[in-house]
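Source file: work-v7.cif. Holds: mmCIF, C-alpha atoms.
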```cif
data_model
#
loop_
_atom_site.label_atom_id
_atom_site.label_comp_id
_atom_site.auth_asym_id
_atom_site.auth_seq_id
_atom_site.Cartn_x
_atom_site.Cartn_y
_atom_site.Cartn_z
CA MET A 1 1.92 19.91 -42.07
CA LYS A 2 5.50 18.60 -42.05
CA ILE A 3 7.27 18.98 -38.71
CA SER A 4 10.85 18.19 -37.76
CA PHE A 5 11.73 17.33 -34.15
CA PHE A 6 15.33 17.71 -32.96
CA ASN A 7 16.53 16.19 -29.68
CA ASP A 8 19.93 15.46 -28.13
CA THR A 9 18.96 12.07 -26.65
CA TYR A 10 17.09 9.03 -27.89
CA HIS A 11 16.61 5.33 -27.29
CA PRO A 12 17.86 3.18 -25.66
CA TYR A 13 18.15 5.99 -23.11
CA VAL A 14 14.92 6.57 -21.19
CA SER A 15 13.70 10.01 -20.19
CA GLY A 16 10.56 12.09 -19.90
CA VAL A 17 11.75 14.26 -22.79
CA ILE A 18 11.91 11.30 -25.17
CA THR A 19 8.52 10.06 -23.97
CA SER A 20 6.95 13.50 -24.46
CA MET A 21 8.44 13.89 -27.93
CA GLU A 22 7.29 10.47 -29.10
CA ARG A 23 3.77 10.87 -27.72
CA PHE A 24 3.34 14.17 -29.54
CA ALA A 25 4.82 12.67 -32.71
CA THR A 26 2.41 9.72 -32.58
CA SER A 27 -0.64 11.95 -32.13
CA LEU A 28 0.51 14.33 -34.87
CA LYS A 29 0.93 11.43 -37.27
CA GLU A 30 -2.50 10.05 -36.35
CA ASP A 31 -3.93 13.46 -37.24
CA GLY A 32 -2.37 13.31 -40.70
CA HIS A 33 0.80 15.33 -40.15
CA ASP A 34 4.28 14.18 -41.17
CA VAL A 35 6.90 14.10 -38.40
CA ILE A 36 10.65 13.73 -38.77
CA MET A 37 12.82 13.10 -35.71
CA VAL A 38 16.51 14.03 -35.80
CA VAL A 39 18.30 12.30 -32.92
CA PRO A 40 21.63 10.70 -31.94
CA GLY A 41 22.13 7.29 -33.53
CA HIS A 42 25.19 5.10 -33.37
CA LEU A 43 28.19 4.74 -35.66
CA ALA A 44 26.75 5.98 -38.92
CA ALA A 45 24.17 8.50 -40.04
CA GLN A 46 21.06 6.72 -41.28
CA VAL A 47 17.33 7.08 -41.82
CA ARG A 48 14.71 4.61 -40.60
CA THR A 49 10.97 4.56 -39.98
CA SER A 50 9.29 4.17 -36.58
CA ARG A 51 5.63 3.95 -35.63
CA SER A 52 5.45 7.67 -35.01
CA SER A 53 7.85 9.20 -37.54
CA ASP A 54 10.80 8.97 -39.87
CA VAL A 55 13.90 8.91 -37.68
CA TYR A 56 17.13 10.52 -38.89
CA GLU A 57 19.92 9.10 -36.74
CA LEU A 58 23.14 11.08 -36.48
CA ILE A 59 26.61 9.81 -35.67
CA SER A 60 26.95 9.98 -31.89
CA ILE A 61 29.15 9.11 -28.94
CA PRO A 62 28.20 7.55 -25.58
CA VAL A 63 28.03 9.70 -22.46
CA PRO A 64 30.06 8.16 -19.60
CA GLY A 65 27.99 7.36 -16.53
CA PHE A 66 24.64 7.47 -18.36
CA ASP A 67 23.68 4.00 -19.51
CA GLY A 68 22.28 4.15 -23.02
CA MET A 69 22.71 7.91 -23.48
CA ARG A 70 24.44 9.14 -26.62
CA ILE A 71 24.95 12.67 -27.91
CA GLY A 72 25.33 13.80 -31.50
CA MET A 73 28.84 14.54 -32.70
CA PRO A 74 29.51 18.29 -33.11
CA ILE A 75 30.81 17.73 -36.64
CA MET A 76 29.14 17.80 -40.03
CA THR A 77 29.98 14.54 -41.78
CA ASP A 78 28.85 13.77 -45.32
CA GLY A 79 26.01 11.75 -43.80
CA HIS A 80 24.91 14.71 -41.70
CA VAL A 81 24.98 17.02 -44.70
CA ARG A 82 22.85 14.60 -46.72
CA ILE A 83 20.36 14.29 -43.89
CA SER A 84 20.22 18.06 -43.43
CA ASP A 85 19.60 18.62 -47.14
CA THR A 86 16.99 15.84 -47.32
CA LEU A 87 14.94 16.68 -44.26
CA GLY A 88 14.71 20.33 -45.18
CA GLU A 89 12.57 19.54 -48.21
CA GLY A 90 8.98 20.56 -47.59
CA ILE A 91 9.43 21.24 -43.86
CA ASP A 92 6.91 23.71 -42.42
CA ILE A 93 8.31 24.10 -38.92
CA VAL A 94 11.34 23.09 -36.83
CA HIS A 95 10.71 22.04 -33.22
CA ALA A 96 13.76 21.56 -30.98
CA HIS A 97 13.33 19.57 -27.78
CA SER A 98 16.82 20.43 -26.54
CA PRO A 99 19.15 23.35 -27.26
CA PHE A 100 22.52 21.63 -27.58
CA VAL A 101 24.33 19.80 -30.40
CA VAL A 102 21.32 18.38 -32.26
CA GLY A 103 19.08 21.24 -31.19
CA ARG A 104 21.60 23.70 -32.59
CA MET A 105 21.52 21.75 -35.87
CA GLY A 106 17.77 22.35 -35.95
CA ALA A 107 18.27 26.07 -35.36
CA ARG A 108 20.76 26.21 -38.24
CA LEU A 109 18.27 24.44 -40.52
CA ALA A 110 15.52 26.89 -39.54
CA GLN A 111 17.75 29.85 -40.24
CA LYS A 112 19.10 28.42 -43.51
CA ARG A 113 15.62 27.77 -44.92
CA ASP A 114 13.90 30.66 -43.12
CA LEU A 115 11.57 28.34 -41.21
CA PRO A 116 9.84 29.04 -37.90
CA LEU A 117 11.69 27.61 -34.89
CA VAL A 118 9.93 26.33 -31.75
CA PHE A 119 11.84 25.20 -28.65
CA THR A 120 10.41 23.21 -25.73
CA CYS A 121 12.52 23.88 -22.62
CA HIS A 122 11.98 20.52 -20.92
CA SER A 123 14.63 21.01 -18.21
CA ILE A 124 16.25 23.60 -15.98
CA TYR A 125 19.56 22.76 -17.61
CA PRO A 126 21.96 24.51 -15.16
CA ASN A 127 20.63 22.16 -12.45
CA TYR A 128 22.62 19.42 -14.14
CA SER A 129 25.90 21.33 -14.17
CA ASP A 130 27.32 19.22 -11.34
CA TYR A 131 27.81 16.48 -13.92
CA VAL A 132 30.65 18.68 -15.23
CA PRO A 133 33.57 17.84 -12.88
CA LEU A 134 35.39 20.63 -10.98
CA VAL A 135 33.65 23.53 -12.71
CA SER A 136 30.01 22.98 -11.80
CA GLU A 137 29.27 26.55 -10.67
CA LEU A 138 30.92 28.08 -13.74
CA ALA A 139 29.26 25.48 -15.96
CA GLY A 140 25.84 26.43 -14.57
CA ASP A 141 26.33 30.08 -15.49
CA VAL A 142 27.59 29.19 -18.95
CA ILE A 143 24.66 26.83 -19.58
CA ARG A 144 22.14 29.46 -18.48
CA GLU A 145 23.64 32.05 -20.84
CA TYR A 146 23.70 29.47 -23.64
CA VAL A 147 20.00 28.62 -23.16
CA VAL A 148 19.03 32.31 -23.11
CA ASP A 149 20.98 32.82 -26.34
CA TYR A 150 19.28 29.81 -27.94
CA CYS A 151 15.87 31.15 -26.94
CA SER A 152 16.67 34.40 -28.76
CA LEU A 153 16.75 32.42 -32.02
CA CYS A 154 13.24 31.04 -31.54
CA ASP A 155 9.83 32.22 -32.66
CA LEU A 156 8.16 30.46 -29.74
CA ILE A 157 9.33 28.80 -26.52
CA LEU A 158 7.13 26.16 -24.91
CA ALA A 159 7.43 25.43 -21.18
CA PRO A 160 5.95 22.26 -19.60
CA SER A 161 4.86 24.19 -16.50
CA ASN A 162 4.38 27.69 -15.13
CA TYR A 163 7.46 27.05 -12.99
CA VAL A 164 9.72 26.62 -16.04
CA ARG A 165 8.23 29.69 -17.69
CA SER A 166 8.92 31.79 -14.57
CA VAL A 167 12.53 30.56 -14.48
CA LEU A 168 13.06 31.52 -18.12
CA TRP A 169 11.60 34.95 -17.43
CA GLU A 170 13.96 35.35 -14.46
CA TRP A 171 16.89 34.51 -16.73
CA GLY A 172 15.86 37.31 -19.07
CA VAL A 173 14.29 35.36 -21.93
CA SER A 174 12.14 37.87 -23.81
CA ARG A 175 10.67 35.67 -26.55
CA ASP A 176 7.09 34.46 -26.55
CA ILE A 177 6.72 31.70 -23.91
CA LYS A 178 3.61 29.52 -23.72
CA VAL A 179 2.90 26.76 -21.20
CA LEU A 180 2.20 23.41 -22.86
CA PRO A 181 2.52 20.33 -20.63
CA SER A 182 3.46 16.95 -21.99
CA GLY A 183 0.45 14.72 -22.47
CA ILE A 184 -0.38 11.34 -20.99
CA GLU A 185 -1.82 8.18 -22.54
CA ILE A 186 -5.08 8.67 -20.74
CA ASP A 187 -6.90 5.86 -22.56
CA THR A 188 -4.28 3.29 -21.51
CA LEU A 189 -4.43 4.46 -17.91
CA ASP A 190 -8.22 4.53 -17.85
CA ARG A 191 -8.32 1.03 -19.34
CA ALA A 192 -5.96 -0.24 -16.61
CA ARG A 193 -8.14 1.36 -13.92
CA ARG A 194 -11.28 -0.28 -15.29
CA GLU A 195 -9.49 -3.61 -15.66
CA MET A 196 -8.49 -3.38 -12.00
CA GLU A 197 -12.08 -2.65 -10.94
CA GLU A 198 -13.48 -5.51 -13.01
CA SER A 199 -10.89 -8.10 -11.99
CA GLY A 200 -11.39 -7.79 -8.27
CA ASP A 201 -8.03 -8.81 -6.84
CA GLY A 202 -7.00 -10.68 -9.99
CA LEU A 203 -4.84 -8.00 -11.61
CA ARG A 204 -3.21 -7.01 -8.36
CA ARG A 205 -2.52 -10.62 -7.41
CA SER A 206 -0.80 -11.32 -10.73
CA LEU A 207 1.47 -8.30 -10.24
CA GLU A 208 2.22 -9.30 -6.64
CA ASP A 209 3.14 -12.81 -7.77
CA ARG A 210 5.47 -11.38 -10.38
CA MET A 211 7.39 -9.44 -7.72
CA GLY A 212 7.17 -12.01 -4.94
CA ILE A 213 4.99 -9.80 -2.75
CA ASP A 214 2.86 -11.52 -0.11
CA PRO A 215 -0.86 -10.75 -0.55
CA GLY A 216 -2.96 -8.89 1.99
CA GLY A 217 -0.76 -5.83 2.52
CA LYS A 218 -0.54 -2.38 0.94
CA ILE A 219 1.54 -1.32 -2.05
CA LEU A 220 3.28 2.03 -2.46
CA LEU A 221 4.53 2.86 -5.94
CA PHE A 222 7.31 4.96 -7.45
CA VAL A 223 7.75 5.27 -11.23
CA GLY A 224 10.70 7.03 -12.77
CA ARG A 225 14.34 7.01 -13.74
CA LEU A 226 16.61 5.69 -11.00
CA ASP A 227 18.81 8.73 -10.61
CA HIS A 228 20.27 10.17 -7.41
CA ARG A 229 18.48 13.46 -8.14
CA LYS A 230 15.10 11.76 -7.75
CA ASN A 231 15.64 11.38 -3.96
CA ILE A 232 14.25 7.84 -4.08
CA ASP A 233 16.05 6.64 -0.96
CA PHE A 234 13.91 9.14 1.01
CA LEU A 235 11.10 6.61 0.56
CA PHE A 236 13.07 4.04 2.55
CA GLU A 237 12.87 6.37 5.55
CA VAL A 238 9.15 6.78 4.87
CA LEU A 239 8.73 3.00 5.03
CA ARG A 240 10.55 2.92 8.37
CA ASN A 241 8.19 5.56 9.76
CA LEU A 242 4.91 3.96 8.69
CA PRO A 243 2.83 2.31 11.44
CA LEU A 244 3.08 -1.42 10.84
CA LYS A 245 -0.50 -2.51 11.50
CA GLU A 246 -0.18 -4.33 8.18
CA ARG A 247 2.57 -5.06 5.71
CA VAL A 248 3.46 -2.18 3.35
CA ASP A 249 5.68 -2.82 0.31
CA LEU A 250 7.28 -0.32 -2.05
CA VAL A 251 7.48 -1.14 -5.76
CA ILE A 252 9.96 0.88 -7.84
CA VAL A 253 9.34 0.81 -11.59
CA GLY A 254 12.14 2.13 -13.76
CA GLU A 255 15.83 1.82 -14.48
CA GLY A 256 18.82 4.07 -14.16
CA PRO A 257 22.39 4.50 -12.94
CA ALA A 258 21.47 4.66 -9.23
CA ARG A 259 19.89 1.20 -9.03
CA SER A 260 22.81 -0.55 -7.29
CA GLN A 261 23.16 2.28 -4.75
CA LEU A 262 19.42 2.13 -4.06
CA VAL A 263 19.52 -1.62 -3.51
CA GLU A 264 22.34 -1.09 -1.02
CA ALA A 265 20.55 1.81 0.67
CA ALA A 266 17.38 -0.27 1.15
CA PHE A 267 19.49 -2.95 2.83
CA ASP A 268 21.25 -0.39 5.05
CA LYS A 269 17.89 1.05 6.14
CA GLY A 270 16.57 -2.40 6.99
CA VAL A 271 13.70 -2.32 4.47
CA SER A 272 15.14 -4.42 1.64
CA ARG A 273 12.54 -7.17 2.14
CA ARG A 274 9.79 -4.62 1.47
CA VAL A 275 11.40 -2.84 -1.50
CA HIS A 276 10.92 -4.41 -4.95
CA PHE A 277 12.67 -3.25 -8.12
CA ALA A 278 10.49 -3.98 -11.16
CA GLY A 279 12.94 -2.50 -13.69
CA LYS A 280 11.96 -0.95 -16.99
CA GLN A 281 8.45 -1.97 -18.10
CA PRO A 282 6.28 -1.32 -21.17
CA PHE A 283 3.74 1.38 -20.51
CA ASN A 284 0.73 -0.94 -20.39
CA VAL A 285 2.40 -2.77 -17.48
CA VAL A 286 3.27 0.53 -15.78
CA ALA A 287 -0.38 1.53 -16.11
CA ARG A 288 -1.41 -1.69 -14.34
CA TRP A 289 0.97 -0.97 -11.48
CA TYR A 290 -0.61 2.48 -11.12
CA ALA A 291 -4.09 0.94 -11.04
CA ALA A 292 -3.20 -1.86 -8.64
CA SER A 293 -1.28 0.14 -6.01
CA ASP A 294 -2.60 1.94 -2.94
CA ALA A 295 -0.60 5.18 -3.04
CA PHE A 296 1.89 6.85 -5.37
CA CYS A 297 4.91 8.36 -3.62
CA PHE A 298 6.86 11.13 -5.33
CA PRO A 299 9.99 12.28 -3.47
CA SER A 300 11.64 14.25 -6.31
CA THR A 301 11.93 18.03 -6.10
CA VAL A 302 13.78 18.62 -9.39
CA GLU A 303 11.05 17.90 -11.95
CA THR A 304 9.83 20.44 -14.48
CA GLN A 305 6.38 18.86 -14.84
CA GLY A 306 6.16 15.60 -12.90
CA LEU A 307 4.32 13.68 -15.60
CA VAL A 308 4.08 10.56 -13.43
CA LEU A 309 1.97 12.49 -10.91
CA VAL A 310 -0.72 13.00 -13.54
CA GLU A 311 -0.40 9.43 -14.82
CA ALA A 312 -1.01 8.14 -11.30
CA MET A 313 -4.07 10.36 -10.92
CA ALA A 314 -5.42 9.20 -14.29
CA ALA A 315 -5.21 5.59 -13.10
CA GLY A 316 -7.13 6.45 -9.91
CA LEU A 317 -4.10 6.28 -7.61
CA PRO A 318 -3.84 8.76 -4.71
CA VAL A 319 -0.59 10.77 -4.73
CA VAL A 320 1.72 11.96 -1.96
CA ALA A 321 4.58 14.23 -3.04
CA LEU A 322 7.27 16.39 -1.51
CA ASN A 323 6.72 20.12 -1.78
CA SER A 324 8.39 21.59 -4.88
CA PRO A 325 7.41 24.23 -7.44
CA THR A 326 6.23 21.50 -9.81
CA SER A 327 4.36 19.34 -7.28
CA ASP A 328 2.71 22.42 -5.81
CA GLU A 329 1.47 23.32 -9.30
CA MET A 330 0.01 19.85 -9.88
CA ILE A 331 -1.39 19.04 -6.43
CA GLU A 332 -3.83 20.88 -4.19
CA ASP A 333 -2.98 19.50 -0.76
CA GLY A 334 -5.79 17.43 0.69
CA VAL A 335 -7.90 17.76 -2.46
CA ASN A 336 -6.42 15.84 -5.41
CA GLY A 337 -3.39 14.58 -3.48
CA PHE A 338 -1.15 15.37 -0.54
CA LEU A 339 1.97 17.51 -0.18
CA SER A 340 4.61 17.06 2.48
CA GLY A 341 7.66 18.84 3.78
CA PRO A 342 11.06 17.11 3.72
CA ASP A 343 10.53 15.23 6.99
CA ALA A 344 10.02 11.48 6.42
CA ARG A 345 7.67 11.21 9.41
CA GLU A 346 5.40 13.90 7.98
CA PHE A 347 5.40 12.20 4.57
CA ALA A 348 4.68 8.83 6.22
CA GLY A 349 1.77 10.41 8.07
CA LYS A 350 0.22 11.57 4.78
CA VAL A 351 0.69 8.11 3.26
CA HIS A 352 -0.81 6.47 6.35
CA ALA A 353 -3.87 8.74 6.12
CA ILE A 354 -4.57 7.43 2.61
CA LEU A 355 -3.94 3.80 3.52
CA ASP A 356 -6.05 4.00 6.67
CA ASP A 357 -9.07 5.99 5.44
CA SER A 358 -10.85 4.55 2.42
CA GLU A 359 -13.30 7.46 2.19
CA LEU A 360 -10.45 9.98 2.18
CA ALA A 361 -8.65 7.96 -0.50
CA LYS A 362 -11.83 7.79 -2.59
CA GLY A 363 -12.30 11.57 -2.51
CA VAL A 364 -8.68 12.20 -3.48
CA ARG A 365 -8.97 9.68 -6.33
CA GLU A 366 -12.06 11.40 -7.75
CA LYS A 367 -10.42 14.85 -7.68
CA GLY A 368 -7.23 13.36 -9.15
CA LEU A 369 -9.13 11.85 -12.07
CA LYS A 370 -10.68 15.25 -12.80
CA LYS A 371 -7.24 16.94 -12.73
CA ALA A 372 -5.71 14.31 -15.00
CA SER A 373 -8.43 14.77 -17.63
CA ASN A 374 -6.77 18.08 -18.56
CA PHE A 375 -3.60 16.29 -19.69
CA SER A 376 -4.87 14.10 -22.52
CA ASN A 377 -2.15 13.78 -25.14
CA ARG A 378 -4.81 14.20 -27.82
CA SER A 379 -6.07 17.57 -26.56
CA LEU A 380 -2.56 18.89 -25.90
CA THR A 381 -1.50 17.87 -29.42
CA LEU A 382 -4.35 19.94 -30.83
CA GLU A 383 -3.09 22.86 -28.74
CA LEU A 384 0.42 22.29 -30.10
CA VAL A 385 -0.89 22.34 -33.69
CA GLY A 386 -2.61 25.64 -32.92
CA HIS A 387 0.74 27.11 -31.87
CA TYR A 388 2.36 25.76 -35.03
CA GLU A 389 -0.32 27.24 -37.27
CA ARG A 390 0.00 30.65 -35.62
CA ILE A 391 3.79 30.73 -35.92
CA ILE A 392 3.72 29.53 -39.54
CA ALA A 393 1.17 32.23 -40.40
CA ASP A 394 3.34 34.88 -38.70
CA THR A 395 6.39 33.71 -40.66
CA ARG A 396 4.53 33.84 -43.96
CA ALA A 397 3.25 37.31 -43.12
CA ARG A 398 6.81 38.47 -42.37
CA LYS A 399 8.04 37.06 -45.67
CA ALA A 400 5.20 38.81 -47.50
CA ARG A 401 6.32 42.09 -45.91
CA GLY A 402 9.86 41.41 -47.14
CA GLY A 403 11.30 40.64 -43.71
CA SER A 404 14.85 39.29 -43.56
CA PRO A 405 15.42 35.55 -43.08
CA GLY A 406 16.60 34.60 -39.61
CA ILE A 407 15.15 37.75 -38.00
CA ARG A 408 12.72 36.53 -35.35
CA GLY A 409 9.82 38.30 -33.76
#
```

Can you present the structure in this file as structure tokens?
Amino acid sequence: MKISFFNDTYHPYVSGVITSMERFATSLKEDGHDVIMVVPGHLAAQVRTSRSSDVYELISIPVPGFDGMRIGMPIMTDGHVRISDTLGEGIDIVHAHSPFVVGRMGARLAQKRDLPLVFTCHSIYPNYSDYVPLVSELAGDVIREYVVDYCSLCDLILAPSNYVRSVLWEWGVSRDIKVLPSGIEIDTLDRARREMEESGDGLRRSLEDRMGIDPGGKILLFVGRLDHRKNIDFLFEVLRNLPLKERVDLVIVGEGPARSQLVEAAFDKGVSRRVHFAGKQPFNVVARWYAASDAFCFPSTVETQGLVLVEAMAAGLPVVALNSPTSDEMIEDGVNGFLSGPDAREFAGKVHAILDDSELAKGVREKGLKKASNFSNRSLTLELVGHYERIIADTRARKARGGSPGIRG
């Protein structure tokens, strides 16, 4: 099978969407499928090869305020035309991971060549309308209508969670919507967990040394993009409300535009000596942080899946998260993790329960490992291929009946 992925962001920008797309592409390629990624590039349209796919880079422009983010130019240059003509050869299915400039290019290709079109709605896009100055409320309405219109072009919409599917239904999307979460590198996480168990304190000590953390205390962990929407500074209040029978440090793994504000906020809250910014790390190092920490703290309420929650569970790390539609879907409070309301003292109490009760932590870890086993990237890729095969078969059946190109459903 030859699959083309279209997305409106790509490296060096870091996001869960890019991670999800690349993990699926890698697994698809390992299973013998060909994958083409069409993404924003830099100054000239070009084609290159990555570990997971052929990458068709489009001319793009930087997005102010988003370090590393570029978006494809809404123009068809000669380079774009050549890429569009080339990548269409032999394609079986078009899969858009965003609905905007590059995603729209994918929809045009699908319509032009009468190919099935799949769209993964990774985000609740109107939630980001406040990035549009002065017209955020209007922008949110326009974006919602745009997404609904884009969905009407698709043969299948994939949602990373039941929450996203319910939102799309509320908006009036009537196309077929299936829930397909993004997968995790479960083998890497399991290997880090076993390495931690076998090394005694060796792995943890090496990580503590790297960050200048004194041994003998507890480590809380956050992993994610440093964005004001993630509510990361809430964790500084949590630190202030933890009983200090022993030292508790917070390690923040990730990069993003809010880093300088977070550094300042930690200082203002009086916890800067206990907050450590590890920056962007390769995933094998992130996996070790998961395995070596004592609790994973998740203060965000804007996620559409919360992939890091499952990654933490897969590494054997107990999770405490703020209540949100996504966290509530992933976590059964007191069973495979803990949920908290927006009060920092309540959240701190849940964290303290894990740090103070090894038997409680052990039970939560075991249930978390069982939950995480459902999110193997390998098994979810097989599910994705099943969706592809069904949609391709439906398209061929329509063509055999003499159906018109571009008419979906």

### Task
Check which residues satisfy the PyMOL selection byres ((chain A and resi 361) around 12) in the file shown, then give them as a ChimeraX atom specification.
/A:294-296,313,316-320,334-338,350-360,362-368

Within 12 Å of region 89-98 of chain A, which residues of region 331-390 of chain A come that close, and what is the closest atom pair and distance in Å for each? Count all atoms listed in the file and give it as CSV.
```
residue,atom,partner,partner_atom,distance
A:Leu384,CA,A:His95,CA,10.8
A:Val385,CA,A:Ile93,CA,10.7
A:His387,CA,A:Ile93,CA,10.8
A:Tyr388,CA,A:Ile93,CA,7.3
A:Glu389,CA,A:Ile93,CA,9.3
A:Arg390,CA,A:Ile93,CA,11.1
```

Contacts of Ala25 (chain A) at 9 Å (only C-alpha atoms; same-chain gap of 2+ positions) as a compact mmCIF listing (two decimals) with C-alpha atoms, in the frame of the given file:
```
# COMPACT_ATOMS: atom_id res chain seq x y z
CA PHE A 5 11.73 17.33 -34.15
CA SER A 20 6.95 13.50 -24.46
CA MET A 21 8.44 13.89 -27.93
CA GLU A 22 7.29 10.47 -29.10
CA ARG A 23 3.77 10.87 -27.72
CA SER A 27 -0.64 11.95 -32.13
CA LEU A 28 0.51 14.33 -34.87
CA LYS A 29 0.93 11.43 -37.27
CA GLU A 30 -2.50 10.05 -36.35
CA HIS A 33 0.80 15.33 -40.15
CA ASP A 34 4.28 14.18 -41.17
CA VAL A 35 6.90 14.10 -38.40
CA ILE A 36 10.65 13.73 -38.77
CA MET A 37 12.82 13.10 -35.71
CA SER A 52 5.45 7.67 -35.01
CA SER A 53 7.85 9.20 -37.54
CA THR A 381 -1.50 17.87 -29.42
```

### Query
Using all atoms listed in the file, which residue out of A:Met330, A:Leu382, A:Val263, A:Cys121 lies closest to Val148 (chain A)?
A:Cys121

#### Entry: Test item: residues at most 9 Å from Ile124 (chain A), all atoms listed in the file, excluding those fewer than 6 positions along its chain, as a VMD selection string
chain A and resid 144 164 167 to 168 302 to 304

### Task
Take CA of Val17 (chain A) and CA of Leu220 (chain A) and report the distance between them in Å, one decimal.
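Value for the CA of Val17 (chain A)-CA of Leu220 (chain A) distance: 25.2 Å.
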
### Query
Which is closer to Ser324 (chain A) than all the others in A:Tyr10, A:Tyr163, A:Trp169, A:Tyr146, using all atoms listed in the file?
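Of the candidates, the smallest distance to Ser324 (chain A) is held by A:Tyr163.
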
#### Entry: Residue nearest Gly349 (chain A) - candidates A:Ile3, A:Met105, A:Leu239, A:Leu156, atoms counted: only C-alpha atoms
A:Leu239

#### Entry: Closest of A:Phe6, A:Phe277, A:Phe24, A:Tyr150 to Pro181 (chain A) - atom-to-atom distances counting all atoms listed in the file
A:Phe24

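The two atoms in question, CA of Val251 (chain A) and CA of Ser206 (chain A), are spaced 14.0 Å apart.
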
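Proximity of A:Leu158, A:Cys297, A:Leu250, A:Ala291 to Glu195 (chain A), computed with all atoms listed in the file, is greatest for A:Ala291.
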
### Message
Is it possible to get the residues within 12 Å of (2.7, 33.6, -38.1) (coordinates as in the file, counting all atoms listed in the file) written as a ChimeraX atom specification?
### Response
/A:92-93,115-117,155-156,386-400,408-409

### Query
Pick from A:Tyr125, A:Phe222, A:Trp289, A:Phe100: nearest to Gly72 (chain A), with only C-alpha atoms counted?
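Of A:Tyr125, A:Phe222, A:Trp289, A:Phe100, the one nearest Gly72 (chain A) is A:Phe100, counting only C-alpha atoms.
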
### Task
Run through the PyMOL selection byres ((chain A and resi 196) around 12) on the given coordinates and return the selected residues as a list in words.
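When the PyMOL selection byres ((chain A and resi 196) around 12) is applied, the selected residues are Leu189, Asp190, Arg191, Ala192, Arg193, Arg194, Glu195, Glu197, Glu198, Ser199, Gly200, Asp201, Gly202, Leu203, Arg204, Arg205, Ser206, Leu207, Ala287, Arg288, Trp289, Tyr290, Ala291, Ala292, Ser293, Ala315, Gly316 and Leu317 of chain A.
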
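In this model, the gap between CA of Val142 (chain A) and CA of Arg108 (chain A) comes to 20.7 Å.
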
### Task
Any chance you could resolve the PyMOL selection byres ((chain A and resi 244) around 12) against this file and give the residues as a ChimeraX atom specification?
/A:217-218,238-243,245-249,274,348,352,355-356

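Using only C-alpha atoms, the residues found no farther than 8 Å from Glu185 (chain A), other than those of its own chain fewer than 2 positions away, are Gly183, Asp187, Thr188, Leu189, Glu311, Ser376 and Asn377 of chain A.
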
For Gly341 (chain A), list every protein, DNA or RNA residue within 9 Å, evaluated using all atoms listed in the file, and leave out those in the same chain fewer than 5 positions away; present the list as a CSV table (one decimal) with C-alpha atoms, keeping the file's coordinate frame.
```
chain,number,residue,atom,x,y,z
A,321,ALA,CA,4.6,14.2,-3.0
A,322,LEU,CA,7.3,16.4,-1.5
A,323,ASN,CA,6.7,20.1,-1.8
A,346,GLU,CA,5.4,13.9,8.0
A,347,PHE,CA,5.4,12.2,4.6
```

### Task
For Met69 (chain A), work out the shell of residues within 12 Å, counting only C-alpha atoms and skipping chain neighbours fewer than 2 positions away, then give it as a VMD selection string.
chain A and resid 8 to 15 18 39 to 42 60 to 67 71 to 72 256 to 257
